[in-house]
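The structure appears below as structure tokens.
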Amino acid sequence: MSSLAALVILITLIHVAALVIMIVIRVRPNEVEGTNGNSRLITPCAVCGEPASHRSYDGLDPDERRDPHTGRPYSDDLARYRPLCPAH
């Protein structure tokens with residue numbers, strides 16, 4: 001076998017291994033999605049109780065900051081962000 005053929009086979013094996021690793025990382029459950037058996041961790045919306053999809057700043061931080069580019073308020077305190085569903 002020539003060295004060129006061996007190099008092509010080695011590079012192909014590396015690509016296949018990388019593909020398998022990426023698929024495993026994408027498919028396996030992680031801590032954000034929940035790993036408690038088959039059930040997923042669901043945070044209820046602070047307004048209506050439906051499953052939350054994001055968090056929103058409540059505007060109550062006494063040490064509120066403003067984004068210099070957009071002027072939007074935000075907080076460094078993560079406790080100031082409440083879970084909300086897509087409707088809210």
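Order determines the names: the first chain of the structure tokens is A, the second B, and so forth; residues in each chain are numbered 1 upward, and ligands are numbered 1 upward as they are shown.
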
Quiz prompt | Selection near A:Asp63, 10 Å with only C-alpha atoms, sequence-local residues under 6 positions removed, as a VMD selection string | solution = chain A and resid 74 to 77

With N, CA, C and O atoms retained, could you export that selection as a short mmCIF file (atom, residue, chain, number, x, y, z; two decimals), in the first residue's frame?
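That gives us result19.cif:
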data_model
loop_
_atom_site.label_atom_id
_atom_site.label_comp_id
_atom_site.auth_asym_id
_atom_site.auth_seq_id
_atom_site.Cartn_x
_atom_site.Cartn_y
_atom_site.Cartn_z
N TYR A 74 -30.70 45.93 31.83
CA TYR A 74 -30.41 44.54 32.17
C TYR A 74 -29.85 44.49 33.57
O TYR A 74 -29.56 45.52 34.18
N SER A 75 -29.70 43.29 34.10
CA SER A 75 -29.19 43.10 35.45
C SER A 75 -28.11 42.02 35.43
O SER A 75 -28.19 41.06 34.68
N ASP A 76 -27.12 42.19 36.30
CA ASP A 76 -26.10 41.15 36.48
C ASP A 76 -26.59 40.06 37.43
O ASP A 76 -25.99 39.00 37.52
N ASP A 77 -27.69 40.34 38.13
CA ASP A 77 -28.27 39.39 39.08
C ASP A 77 -29.24 38.46 38.34
O ASP A 77 -30.31 38.88 37.92
#

Exercise. Using only C-alpha atoms, find the one residue out of A:Leu60, A:Val8, A:Ala87, A:Met22 that sits nearest to A:Val47.
Key: A:Ala87

Self-check item: DSSP-assigned strand (DSSP E or B) members of chain A, reported as a list in words
Solution: Pro44, Pro51, His54, Arg55, Ser56, Tyr57, Arg65, Arg66, Pro73, Tyr74, Tyr81, Arg82, Pro83 and Leu84 of chain A

Quiz item: Taking the backbone alone, and naming residues the way the document does, which bits of chain A are alpha helix (DSSP H) by DSSP, as a PyMOL selection string?
Solution: chain A and resi 3-27
